[in-house]
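Structure data follow from structure.pdb (PDB, C-alpha atoms, pLDDT in the B column):
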ATOM      1  CA  MET P   1    -127.349 -24.545  39.102  1.00 48.00           C
ATOM      2  CA  SER P   2    -125.763 -26.732  41.796  1.00 53.00           C
ATOM      3  CA  CYS P   3    -127.663 -26.942  45.026  1.00 56.00           C
ATOM      4  CA  ARG P   4    -127.867 -29.014  48.183  1.00 60.00           C
ATOM      5  CA  SER P   5    -130.648 -29.589  50.660  1.00 64.00           C
ATOM      6  CA  SER P   6    -130.350 -28.337  54.231  1.00 66.00           C
ATOM      7  CA  TYR P   7    -132.606 -29.131  57.186  1.00 64.00           C
ATOM      8  CA  ASP P   8    -134.169 -26.050  58.789  1.00 67.00           C
ATOM      9  CA  GLY P   9    -136.042 -27.833  61.611  1.00 70.00           C
ATOM     10  CA  ASP P  10    -139.311 -28.173  59.735  1.00 76.00           C
ATOM     11  CA  GLY P  11    -138.037 -29.825  56.571  1.00 73.00           C
ATOM     12  CA  PHE P  12    -135.446 -29.707  53.834  1.00 73.00           C
ATOM     13  CA  ASP P  13    -134.937 -26.597  51.726  1.00 71.00           C
ATOM     14  CA  ASP P  14    -132.807 -26.082  48.647  1.00 72.00           C
ATOM     15  CA  ASP P  15    -129.588 -24.334  49.598  1.00 71.00           C
ATOM     16  CA  TYR P  16    -127.817 -23.005  46.522  1.00 75.00           C
ATOM     17  CA  LEU P  17    -124.043 -23.006  46.668  1.00 81.00           C
ATOM     18  CA  TYR P  18    -123.614 -19.259  46.440  1.00 82.00           C
ATOM     19  CA  ASP P  19    -120.098 -18.037  47.401  1.00 82.00           C
ATOM     20  CA  THR P  20    -118.852 -21.633  47.656  1.00 86.00           C
ATOM     21  CA  ILE P  21    -116.062 -21.195  45.089  1.00 91.00           C
ATOM     22  CA  ASP P  22    -113.341 -18.966  46.516  1.00 95.00           C
ATOM     23  CA  LEU P  23    -111.680 -18.245  43.158  1.00 97.00           C
ATOM     24  CA  LEU P  24    -113.201 -19.088  39.781  1.00 96.00           C
ATOM     25  CA  ILE P  25    -110.658 -19.203  36.923  1.00 97.00           C
ATOM     26  CA  VAL P  26    -112.031 -18.931  33.392  1.00 96.00           C
ATOM     27  CA  ASP P  27    -109.498 -19.762  30.672  1.00 94.00           C
ATOM     28  CA  GLU P  28    -110.116 -19.010  26.960  1.00 92.00           C
ATOM     29  CA  ALA P  29    -112.813 -16.607  28.157  1.00 95.00           C
ATOM     30  CA  GLY P  30    -112.943 -14.948  24.745  1.00 94.00           C
ATOM     31  CA  GLN P  31    -114.618 -18.126  23.450  1.00 92.00           C
ATOM     32  CA  THR P  32    -117.007 -18.557  26.392  1.00 93.00           C
ATOM     33  CA  THR P  33    -120.560 -17.225  26.138  1.00 95.00           C
ATOM     34  CA  PRO P  34    -122.200 -15.470  29.114  1.00 94.00           C
ATOM     35  CA  PRO P  35    -125.065 -18.043  29.355  1.00 92.00           C
ATOM     36  CA  VAL P  36    -122.553 -20.908  29.622  1.00 92.00           C
ATOM     37  CA  ALA P  37    -120.485 -19.295  32.391  1.00 92.00           C
ATOM     38  CA  GLY P  38    -123.162 -17.321  34.220  1.00 91.00           C
ATOM     39  CA  ALA P  39    -124.178 -20.078  36.635  1.00 90.00           C
ATOM     40  CA  ALA P  40    -120.566 -20.673  37.709  1.00 92.00           C
ATOM     41  CA  PHE P  41    -120.084 -16.970  38.487  1.00 93.00           C
ATOM     42  CA  ALA P  42    -123.124 -17.087  40.772  1.00 89.00           C
ATOM     43  CA  LEU P  43    -121.275 -19.629  42.940  1.00 91.00           C
ATOM     44  CA  ALA P  44    -117.973 -17.747  43.197  1.00 94.00           C
ATOM     45  CA  ARG P  45    -116.642 -14.982  45.437  1.00 94.00           C
ATOM     46  CA  ARG P  46    -113.938 -13.847  43.008  1.00 94.00           C
ATOM     47  CA  ALA P  47    -113.000 -14.591  39.424  1.00 95.00           C
ATOM     48  CA  LEU P  48    -109.824 -14.545  37.348  1.00 96.00           C
ATOM     49  CA  VAL P  49    -110.773 -14.180  33.675  1.00 97.00           C
ATOM     50  CA  ILE P  50    -108.144 -15.024  31.052  1.00 96.00           C
ATOM     51  CA  GLY P  51    -108.619 -14.700  27.315  1.00 95.00           C
ATOM     52  CA  ASP P  52    -108.365 -12.646  24.169  1.00 95.00           C
ATOM     53  CA  THR P  53    -111.257 -11.146  22.221  1.00 94.00           C
ATOM     54  CA  GLU P  54    -109.017 -10.843  19.157  1.00 94.00           C
ATOM     55  CA  GLN P  55    -108.857 -14.629  18.841  1.00 90.00           C
ATOM     56  CA  ILE P  56    -111.667 -17.050  17.951  1.00 88.00           C
ATOM     57  CA  GLN P  57    -115.133 -15.842  18.890  1.00 90.00           C
ATOM     58  CA  PRO P  58    -117.693 -17.997  20.724  1.00 91.00           C
ATOM     59  CA  ILE P  59    -120.251 -20.030  18.808  1.00 88.00           C
ATOM     60  CA  TRP P  60    -123.485 -18.216  19.588  1.00 92.00           C
ATOM     61  CA  GLU P  61    -126.625 -20.357  19.569  1.00 91.00           C
ATOM     62  CA  VAL P  62    -129.097 -17.533  20.287  1.00 92.00           C
ATOM     63  CA  PRO P  63    -130.165 -15.238  17.389  1.00 92.00           C
ATOM     64  CA  GLY P  64    -130.186 -11.490  18.030  1.00 88.00           C
ATOM     65  CA  ARG P  65    -133.986 -11.160  17.755  1.00 87.00           C
ATOM     66  CA  VAL P  66    -134.550 -13.968  20.263  1.00 92.00           C
ATOM     67  CA  ASP P  67    -131.962 -12.431  22.570  1.00 89.00           C
ATOM     68  CA  ALA P  68    -133.716  -9.046  22.414  1.00 85.00           C
ATOM     69  CA  GLY P  69    -137.104 -10.648  23.116  1.00 87.00           C
ATOM     70  CA  ASN P  70    -135.777 -12.523  26.136  1.00 89.00           C
ATOM     71  CA  LEU P  71    -134.138  -9.374  27.503  1.00 87.00           C
ATOM     72  CA  ARG P  72    -137.355  -7.423  27.060  1.00 86.00           C
ATOM     73  CA  ASP P  73    -139.396 -10.096  28.857  1.00 89.00           C
ATOM     74  CA  ALA P  74    -136.873 -10.104  31.714  1.00 87.00           C
ATOM     75  CA  GLY P  75    -136.998  -6.321  32.039  1.00 84.00           C
ATOM     76  CA  LEU P  76    -133.364  -5.903  31.028  1.00 82.00           C
ATOM     77  CA  LEU P  77    -134.102  -4.085  27.786  1.00 78.00           C
ATOM     78  CA  THR P  78    -136.040  -0.812  28.043  1.00 74.00           C
ATOM     79  CA  ALA P  79    -138.222   0.671  25.319  1.00 70.00           C
ATOM     80  CA  GLU P  80    -135.504   3.242  24.641  1.00 70.00           C
ATOM     81  CA  ASP P  81    -132.884   0.514  24.340  1.00 65.00           C
ATOM     82  CA  GLU P  82    -135.153  -1.464  22.048  1.00 64.00           C
ATOM     83  CA  ARG P  83    -135.528   1.479  19.681  1.00 65.00           C
ATOM     84  CA  ALA P  84    -131.744   1.701  19.527  1.00 62.00           C
ATOM     85  CA  GLY P  85    -131.482  -2.031  18.944  1.00 61.00           C
ATOM     86  CA  LEU P  86    -129.435  -4.446  21.028  1.00 65.00           C
ATOM     87  CA  ASN P  87    -126.267  -2.354  20.750  1.00 75.00           C
ATOM     88  CA  PRO P  88    -126.301  -0.592  24.161  1.00 75.00           C
ATOM     89  CA  PHE P  89    -126.677  -3.889  26.021  1.00 82.00           C
ATOM     90  CA  ALA P  90    -124.340  -5.713  23.654  1.00 86.00           C
ATOM     91  CA  LYS P  91    -121.521  -3.269  24.414  1.00 88.00           C
ATOM     92  CA  SER P  92    -121.363  -4.709  27.920  1.00 91.00           C
ATOM     93  CA  GLY P  93    -120.514  -8.136  26.494  1.00 94.00           C
ATOM     94  CA  ARG P  94    -123.500  -9.772  28.237  1.00 92.00           C
ATOM     95  CA  ALA P  95    -125.627 -10.461  25.161  1.00 92.00           C
ATOM     96  CA  ALA P  96    -126.234 -14.165  24.557  1.00 94.00           C
ATOM     97  CA  SER P  97    -126.131 -13.521  20.814  1.00 94.00           C
ATOM     98  CA  SER P  98    -122.831 -11.631  20.616  1.00 93.00           C
ATOM     99  CA  GLY P  99    -121.071 -11.460  23.985  1.00 95.00           C
ATOM    100  CA  SER P 100    -118.311 -13.327  25.766  1.00 97.00           C
ATOM    101  CA  VAL P 101    -117.074 -13.657  29.322  1.00 97.00           C
ATOM    102  CA  MET P 102    -113.879 -11.846  28.344  1.00 97.00           C
ATOM    103  CA  ARG P 103    -115.799  -8.863  26.987  1.00 96.00           C
ATOM    104  CA  VAL P 104    -117.863  -8.701  30.183  1.00 96.00           C
ATOM    105  CA  ALA P 105    -114.669  -8.701  32.273  1.00 96.00           C
ATOM    106  CA  GLN P 106    -113.135  -5.956  30.156  1.00 96.00           C
ATOM    107  CA  TYR P 107    -116.302  -3.874  30.375  1.00 94.00           C
ATOM    108  CA  VAL P 108    -116.392  -3.936  34.192  1.00 93.00           C
ATOM    109  CA  SER P 109    -112.638  -3.766  34.791  1.00 94.00           C
ATOM    110  CA  ARG P 110    -111.306  -0.550  36.297  1.00 93.00           C
ATOM    111  CA  TYR P 111    -107.720  -1.509  35.421  1.00 95.00           C
ATOM    112  CA  HIS P 112    -106.514  -0.391  32.005  1.00 96.00           C
ATOM    113  CA  GLN P 113    -102.839  -1.141  31.566  1.00 96.00           C
ATOM    114  CA  ASP P 114    -102.497  -0.051  27.939  1.00 96.00           C
ATOM    115  CA  PRO P 115    -104.895   2.613  26.568  1.00 94.00           C
ATOM    116  CA  ASP P 116    -104.253   1.355  23.011  1.00 94.00           C
ATOM    117  CA  LEU P 117    -105.539  -2.130  23.849  1.00 95.00           C
ATOM    118  CA  ALA P 118    -108.474  -3.629  25.736  1.00 93.00           C
ATOM    119  CA  ARG P 119    -108.909  -3.169  29.486  1.00 95.00           C
ATOM    120  CA  GLY P 120    -107.150  -5.487  31.882  1.00 96.00           C
ATOM    121  CA  LEU P 121    -103.618  -6.825  32.344  1.00 96.00           C
ATOM    122  CA  ILE P 122    -101.873  -7.517  29.026  1.00 95.00           C
ATOM    123  CA  LEU P 123     -99.515 -10.424  28.327  1.00 95.00           C
ATOM    124  CA  TYR P 124     -97.105  -8.869  25.830  1.00 96.00           C
ATOM    125  CA  GLU P 125     -94.588 -11.664  25.304  1.00 97.00           C
ATOM    126  CA  HIS P 126     -95.416 -14.278  22.671  1.00 96.00           C
ATOM    127  CA  TRP P 127     -93.471 -17.549  22.655  1.00 94.00           C
ATOM    128  CA  ARG P 128     -95.491 -19.958  20.491  1.00 92.00           C
ATOM    129  CA  CYS P 129     -95.251 -18.881  16.830  1.00 92.00           C
ATOM    130  CA  PHE P 130     -92.264 -17.898  14.748  1.00 94.00           C
ATOM    131  CA  ASP P 131     -91.794 -14.139  14.537  1.00 96.00           C
ATOM    132  CA  GLU P 132     -92.917 -14.050  10.890  1.00 95.00           C
ATOM    133  CA  ILE P 133     -96.308 -15.509  11.853  1.00 95.00           C
ATOM    134  CA  ILE P 134     -97.106 -13.557  14.996  1.00 96.00           C
ATOM    135  CA  SER P 135     -95.913 -10.312  13.381  1.00 96.00           C
ATOM    136  CA  TYR P 136     -98.917 -10.507  11.040  1.00 95.00           C
ATOM    137  CA  CYS P 137    -101.283 -10.762  14.019  1.00 95.00           C
ATOM    138  CA  ASN P 138     -99.322  -8.106  15.873  1.00 97.00           C
ATOM    139  CA  ASP P 139     -99.815  -5.568  13.081  1.00 97.00           C
ATOM    140  CA  LEU P 140    -103.445  -6.574  12.433  1.00 96.00           C
ATOM    141  CA  CYS P 141    -104.813  -6.722  15.984  1.00 95.00           C
ATOM    142  CA  TYR P 142    -102.368  -5.526  18.634  1.00 96.00           C
ATOM    143  CA  ARG P 143    -100.949  -2.278  17.226  1.00 96.00           C
ATOM    144  CA  GLY P 144     -97.449  -3.741  17.255  1.00 97.00           C
ATOM    145  CA  LYS P 145     -97.432  -4.039  21.050  1.00 97.00           C
ATOM    146  CA  LEU P 146     -96.640  -7.766  21.253  1.00 97.00           C
ATOM    147  CA  LYS P 147     -93.031  -8.845  21.781  1.00 97.00           C
ATOM    148  CA  PRO P 148     -92.199 -11.967  19.720  1.00 97.00           C
ATOM    149  CA  GLN P 149     -89.827 -14.215  21.668  1.00 96.00           C
ATOM    150  CA  ARG P 150     -89.382 -17.393  19.628  1.00 94.00           C
ATOM    151  CA  GLY P 151     -87.295 -15.989  16.780  1.00 95.00           C
ATOM    152  CA  ARG P 152     -87.470 -16.389  13.023  1.00 94.00           C
ATOM    153  CA  LYS P 153     -87.921 -19.729  11.290  1.00 92.00           C
ATOM    154  CA  THR P 154     -84.742 -19.202   9.287  1.00 87.00           C
ATOM    155  CA  ASP P 155     -82.809 -19.137  12.563  1.00 89.00           C
ATOM    156  CA  ALA P 156     -84.462 -22.234  14.085  1.00 87.00           C
ATOM    157  CA  THR P 157     -82.537 -25.503  14.100  1.00 81.00           C
ATOM    158  CA  GLY P 158     -83.765 -27.924  11.439  1.00 76.00           C
ATOM    159  CA  CYS P 159     -86.868 -25.964  10.440  1.00 78.00           C
ATOM    160  CA  GLY P 160     -85.375 -24.260   7.400  1.00 72.00           C
ATOM    161  CA  ALA P 161     -84.502 -27.548   5.710  1.00 82.00           C
ATOM    162  CA  ASP P 162     -88.048 -28.065   4.416  1.00 89.00           C
ATOM    163  CA  GLY P 163     -87.671 -25.195   1.964  1.00 88.00           C
ATOM    164  CA  LEU P 164     -90.970 -23.586   3.033  1.00 92.00           C
ATOM    165  CA  PRO P 165     -91.540 -20.045   4.308  1.00 93.00           C
ATOM    166  CA  ALA P 166     -92.820 -19.546   7.840  1.00 93.00           C
ATOM    167  CA  MET P 167     -95.947 -18.028   6.335  1.00 93.00           C
ATOM    168  CA  GLY P 168     -97.124 -18.170   2.728  1.00 93.00           C
ATOM    169  CA  PHE P 169    -100.181 -18.655   0.558  1.00 93.00           C
ATOM    170  CA  LEU P 170    -101.380 -20.144  -2.704  1.00 94.00           C
ATOM    171  CA  GLN P 171    -104.434 -18.871  -4.552  1.00 94.00           C
ATOM    172  CA  VAL P 172    -106.655 -21.770  -5.655  1.00 94.00           C
ATOM    173  CA  ASP P 173    -109.444 -20.987  -8.104  1.00 90.00           C
ATOM    174  CA  GLY P 174    -112.367 -23.180  -7.116  1.00 93.00           C
ATOM    175  CA  LEU P 175    -116.063 -23.126  -6.383  1.00 95.00           C
ATOM    176  CA  CYS P 176    -117.268 -22.636  -2.799  1.00 94.00           C
ATOM    177  CA  GLU P 177    -120.458 -24.686  -2.480  1.00 96.00           C
ATOM    178  CA  GLN P 178    -122.975 -24.207   0.318  1.00 95.00           C
ATOM    179  CA  LEU P 179    -124.506 -27.529   1.321  1.00 94.00           C
ATOM    180  CA  PRO P 180    -128.094 -28.072   2.554  1.00 94.00           C
ATOM    181  CA  GLY P 181    -126.947 -28.084   6.197  1.00 90.00           C
ATOM    182  CA  GLY P 182    -125.374 -24.639   5.788  1.00 91.00           C
ATOM    183  CA  SER P 183    -121.720 -25.699   5.793  1.00 94.00           C
ATOM    184  CA  ARG P 184    -119.460 -25.126   2.789  1.00 96.00           C
ATOM    185  CA  ARG P 185    -116.886 -27.003   0.741  1.00 97.00           C
ATOM    186  CA  ASN P 186    -114.451 -26.340  -2.085  1.00 97.00           C
ATOM    187  CA  VAL P 187    -113.543 -29.540  -3.911  1.00 97.00           C
ATOM    188  CA  ALA P 188    -110.837 -27.989  -6.089  1.00 97.00           C
ATOM    189  CA  GLU P 189    -109.099 -26.588  -3.021  1.00 97.00           C
ATOM    190  CA  ALA P 190    -109.280 -29.957  -1.242  1.00 98.00           C
ATOM    191  CA  GLU P 191    -107.848 -31.760  -4.286  1.00 97.00           C
ATOM    192  CA  THR P 192    -105.003 -29.231  -4.512  1.00 97.00           C
ATOM    193  CA  ILE P 193    -104.134 -29.731  -0.846  1.00 98.00           C
ATOM    194  CA  ALA P 194    -104.170 -33.517  -1.212  1.00 98.00           C
ATOM    195  CA  ALA P 195    -101.992 -33.429  -4.337  1.00 97.00           C
ATOM    196  CA  TRP P 196     -99.482 -31.070  -2.688  1.00 97.00           C
ATOM    197  CA  ILE P 197     -99.141 -33.216   0.450  1.00 97.00           C
ATOM    198  CA  ALA P 198     -98.827 -36.433  -1.554  1.00 97.00           C
ATOM    199  CA  ASP P 199     -96.134 -34.829  -3.711  1.00 97.00           C
ATOM    200  CA  ARG P 200     -94.221 -33.412  -0.723  1.00 96.00           C
ATOM    201  CA  LYS P 201     -94.659 -36.311   1.737  1.00 96.00           C
ATOM    202  CA  ALA P 202     -91.249 -37.901   1.198  1.00 95.00           C
ATOM    203  CA  ALA P 203     -89.413 -34.570   1.219  1.00 94.00           C
ATOM    204  CA  LEU P 204     -91.153 -33.435   4.404  1.00 95.00           C
ATOM    205  CA  GLU P 205     -90.367 -36.652   6.257  1.00 94.00           C
ATOM    206  CA  GLN P 206     -86.765 -36.411   5.041  1.00 93.00           C
ATOM    207  CA  SER P 207     -86.550 -32.842   6.369  1.00 92.00           C
ATOM    208  CA  TYR P 208     -87.842 -33.994   9.774  1.00 92.00           C
ATOM    209  CA  PRO P 209     -86.330 -37.513  10.082  1.00 90.00           C
ATOM    210  CA  GLU P 210     -87.562 -38.110  13.626  1.00 90.00           C
ATOM    211  CA  ARG P 211     -91.205 -37.313  12.766  1.00 92.00           C
ATOM    212  CA  ARG P 212     -93.953 -38.931  10.733  1.00 94.00           C
ATOM    213  CA  LEU P 213     -96.168 -36.933   8.381  1.00 96.00           C
ATOM    214  CA  PRO P 214     -99.019 -36.509  10.977  1.00 96.00           C
ATOM    215  CA  GLU P 215     -96.486 -34.830  13.291  1.00 95.00           C
ATOM    216  CA  ILE P 216     -95.408 -32.412  10.544  1.00 95.00           C
ATOM    217  CA  VAL P 217     -98.635 -31.412   8.786  1.00 96.00           C
ATOM    218  CA  GLY P 218    -101.972 -30.157  10.134  1.00 95.00           C
ATOM    219  CA  ILE P 219    -104.850 -28.835   8.038  1.00 97.00           C
ATOM    220  CA  VAL P 220    -107.189 -26.109   9.323  1.00 95.00           C
ATOM    221  CA  THR P 221    -110.371 -25.062   7.538  1.00 94.00           C
ATOM    222  CA  PRO P 222    -113.346 -22.878   8.532  1.00 91.00           C
ATOM    223  CA  PHE P 223    -116.038 -25.410   7.609  1.00 94.00           C
ATOM    224  CA  ALA P 224    -116.916 -28.908   8.839  1.00 94.00           C
ATOM    225  CA  ALA P 225    -117.980 -29.947   5.329  1.00 97.00           C
ATOM    226  CA  GLN P 226    -114.543 -29.026   4.017  1.00 97.00           C
ATOM    227  CA  VAL P 227    -112.964 -31.180   6.727  1.00 97.00           C
ATOM    228  CA  GLU P 228    -114.812 -34.200   5.325  1.00 97.00           C
ATOM    229  CA  THR P 229    -113.940 -33.241   1.752  1.00 97.00           C
ATOM    230  CA  ILE P 230    -110.223 -32.932   2.517  1.00 98.00           C
ATOM    231  CA  GLN P 231    -110.269 -36.230   4.401  1.00 97.00           C
ATOM    232  CA  ALA P 232    -111.776 -37.945   1.370  1.00 97.00           C
ATOM    233  CA  THR P 233    -109.295 -36.426  -1.080  1.00 98.00           C
ATOM    234  CA  LEU P 234    -106.318 -37.292   1.127  1.00 98.00           C
ATOM    235  CA  ASN P 235    -107.527 -40.859   1.504  1.00 97.00           C
ATOM    236  CA  SER P 236    -107.858 -41.099  -2.276  1.00 97.00           C
ATOM    237  CA  VAL P 237    -104.108 -40.429  -2.658  1.00 97.00           C
ATOM    238  CA  GLY P 238    -103.117 -42.816   0.131  1.00 96.00           C
ATOM    239  CA  ILE P 239    -102.690 -40.352   3.014  1.00 97.00           C
ATOM    240  CA  ASP P 240    -103.971 -41.606   6.387  1.00 96.00           C
ATOM    241  CA  THR P 241    -106.458 -39.285   8.122  1.00 96.00           C
ATOM    242  CA  ASP P 242    -107.649 -41.621  10.894  1.00 95.00           C
ATOM    243  CA  GLN P 243    -108.045 -39.856  14.228  1.00 90.00           C
ATOM    244  CA  GLY P 244    -105.022 -40.390  16.442  1.00 89.00           C
ATOM    245  CA  THR P 245    -102.808 -41.898  13.736  1.00 94.00           C
ATOM    246  CA  GLY P 246    -103.273 -39.819  10.593  1.00 96.00           C
ATOM    247  CA  VAL P 247    -102.926 -36.217   9.478  1.00 97.00           C
ATOM    248  CA  ALA P 248    -105.048 -33.964  11.694  1.00 95.00           C
ATOM    249  CA  ILE P 249    -107.773 -32.061   9.843  1.00 97.00           C
ATOM    250  CA  GLY P 250    -110.218 -29.818  11.661  1.00 95.00           C
ATOM    251  CA  THR P 251    -111.981 -26.494  11.957  1.00 92.00           C
ATOM    252  CA  VAL P 252    -110.325 -23.483  13.556  1.00 87.00           C
ATOM    253  CA  HIS P 253    -112.136 -24.245  16.829  1.00 83.00           C
ATOM    254  CA  SER P 254    -110.758 -27.785  17.048  1.00 84.00           C
ATOM    255  CA  PHE P 255    -107.197 -26.488  16.550  1.00 84.00           C
ATOM    256  CA  GLN P 256    -107.447 -23.573  18.991  1.00 76.00           C
ATOM    257  CA  GLY P 257    -104.575 -23.760  21.466  1.00 70.00           C
ATOM    258  CA  GLY P 258    -102.668 -26.278  19.363  1.00 70.00           C
TER     259      GLY P 258
END
Rewrite the structure from the file as structure tokens, please.
Amino acid sequence: MSCRSSYDGDGFDDDYLYDTIDLLIVDEAGQTTPPVAGAAFALARRALVIGDTEQIQPIWEVPGRVDAGNLRDAGLLTAEDERAGLNPFAKSGRAASSGSVMRVAQYVSRYHQDPDLARGLILYEHWRCFDEIISYCNDLCYRGKLKPQRGRKTDATGCGADGLPAMGFLQVDGLCEQLPGGSRRNVAEAETIAAWIADRKAALEQSYPERRLPEIVGIVTPFAAQVETIQATLNSVGIDTDQGTGVAIGTVHSFQGG
């Protein structure tokens, strides 16, 4: 925690910067763990917390058993709580093994704009994705409350020329392998992706004449090992994957906000 030394007449004492920050703004708070943000909150008078617990969760580094042991040692977990497990404390969003700053803010907020959704002020309008894409999320997570504003892909200038739906899928039968480090890969899936992009490269660049392939295609995968596998298969068919110049390939966390 940040501190400064102040002279009290007899010597220098640590003077922590409590209440130094007038307004602390936490963006993407649904991905931020309480241990990461806790020190900053200790220095602030007020906080504006912005995020969405329906999007990507934080990466928790503390296992539940370790979290419970630390809470017990700190006197924050009673014997009764311990018999019930970590659930009562975890509901507050403060658990290092399952919480987030956004969940903490929702738990303590007295403002509840929409009883069908989480506590707090809701941003209903969505401008980023085509309506076909955000409608899936709207039905799955937001009870149809979001208001898509961008429009459909079929109505967007130039976007319909590629012949692809706004949202689609292809089932690839392959083997998901877990590697020694814990990550996973699917070689058949990576080879299918590489073959499809190589086959469609010319048509895609023709559909978007002012853009190169790296500005048209991005590849998202849950696992770091699959990132490396897709990079290798794309390189094998002559597709550039160099950072900054080639097709972007990454995990869901690296693409968040893109």
Between P:Asp114, P:Glu125, P:Asp162, P:Asp242, single out the one closest to Pro209 (chain P), counting only C-alpha atoms. P:Asp162
List, as a PDB file with C-alpha atoms, in the frame of the given file, every residue that the PyMOL selection byres ((chain P and resi 139-145) around 8) selects in the file provided.
ATOM      1  CA  GLU P  54    -109.017 -10.843  19.157  1.00 94.00           C
ATOM      2  CA  ASP P 116    -104.253   1.355  23.011  1.00 94.00           C
ATOM      3  CA  LEU P 117    -105.539  -2.130  23.849  1.00 95.00           C
ATOM      4  CA  TYR P 124     -97.105  -8.869  25.830  1.00 96.00           C
ATOM      5  CA  SER P 135     -95.913 -10.312  13.381  1.00 96.00           C
ATOM      6  CA  TYR P 136     -98.917 -10.507  11.040  1.00 95.00           C
ATOM      7  CA  CYS P 137    -101.283 -10.762  14.019  1.00 95.00           C
ATOM      8  CA  ASN P 138     -99.322  -8.106  15.873  1.00 97.00           C
ATOM      9  CA  LEU P 146     -96.640  -7.766  21.253  1.00 97.00           C
ATOM     10  CA  LYS P 147     -93.031  -8.845  21.781  1.00 97.00           C
TER      11      LYS P 147
END
Just so the selection is clear, what residues does the PyMOL selection byres ((chain P and resi 65) around 12) cover here, as a count of residues only? 18
Nearest-residue call for Gln178 (chain P), choices P:Ala225, P:Ala40, P:Asp22, P:Gly99, using only C-alpha atoms: P:Ala225
Could you make a table, as a tab-separated table, of the residues of region 25-60 of chain P that have an atom within 10 Å of an atom of region 250-256 of chain P, each with its nearest atom pair and distance in Å to one decimal, counting all atoms listed in the file, in chain and number order?
residue	atom	partner	partner_atom	distance
P:Glu28	CA	P:Gln256	CA	9.6
P:Gln31	CA	P:His253	CA	9.4
P:Gln55	CA	P:Gln256	CA	9.1
P:Ile56	CA	P:His253	CA	7.3
P:Gln57	CA	P:His253	CA	9.2
P:Pro58	CA	P:His253	CA	9.2
P:Ile59	CA	P:His253	CA	9.4
Set the distance at 12 Å and use all atoms listed in the file: which residues neighbour Arg200 (chain P) once local chain neighbours fewer than 4 positions away are removed? I'd like the list as a ChimeraX atom specification. /P:162-164,193-196,204-207,213,216-217,239
Just-selected residues, C-alpha atoms written as a compact mmCIF listing (two decimals), keeping the file's coordinate frame:
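Output saved as selection39.txt:
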# COMPACT_ATOMS: atom_id res chain seq x y z
CA ASP P 162 -88.05 -28.06 4.42
CA GLY P 163 -87.67 -25.20 1.96
CA LEU P 164 -90.97 -23.59 3.03
CA ILE P 193 -104.13 -29.73 -0.85
CA ALA P 194 -104.17 -33.52 -1.21
CA ALA P 195 -101.99 -33.43 -4.34
CA TRP P 196 -99.48 -31.07 -2.69
CA LEU P 204 -91.15 -33.44 4.40
CA GLU P 205 -90.37 -36.65 6.26
CA GLN P 206 -86.76 -36.41 5.04
CA SER P 207 -86.55 -32.84 6.37
CA LEU P 213 -96.17 -36.93 8.38
CA ILE P 216 -95.41 -32.41 10.54
CA VAL P 217 -98.64 -31.41 8.79
CA ILE P 239 -102.69 -40.35 3.01
List, as an MDAnalysis selection string, every residue that the PyMOL selection byres ((chain P and resi 127) around 6) selects in the file provided. chainID P and resid 126 128 149:150
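Residues lying within 7 Å of Tyr18 (chain P), counting all atoms listed in the file and ignoring same-chain neighbours fewer than 2 positions away, are Tyr16, Thr20, Ala42, Leu43 and Ala44 of chain P.
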Rank P:Leu77, P:Ile249, P:Val49, P:Ala161 by their smallest atom-to-atom distance to Val108 (chain P), using only C-alpha atoms, and report the top residue only. P:Val49
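Here CA of Gly160 (chain P) stands at a distance of 26.4 Å from CA of Glu191 (chain P).
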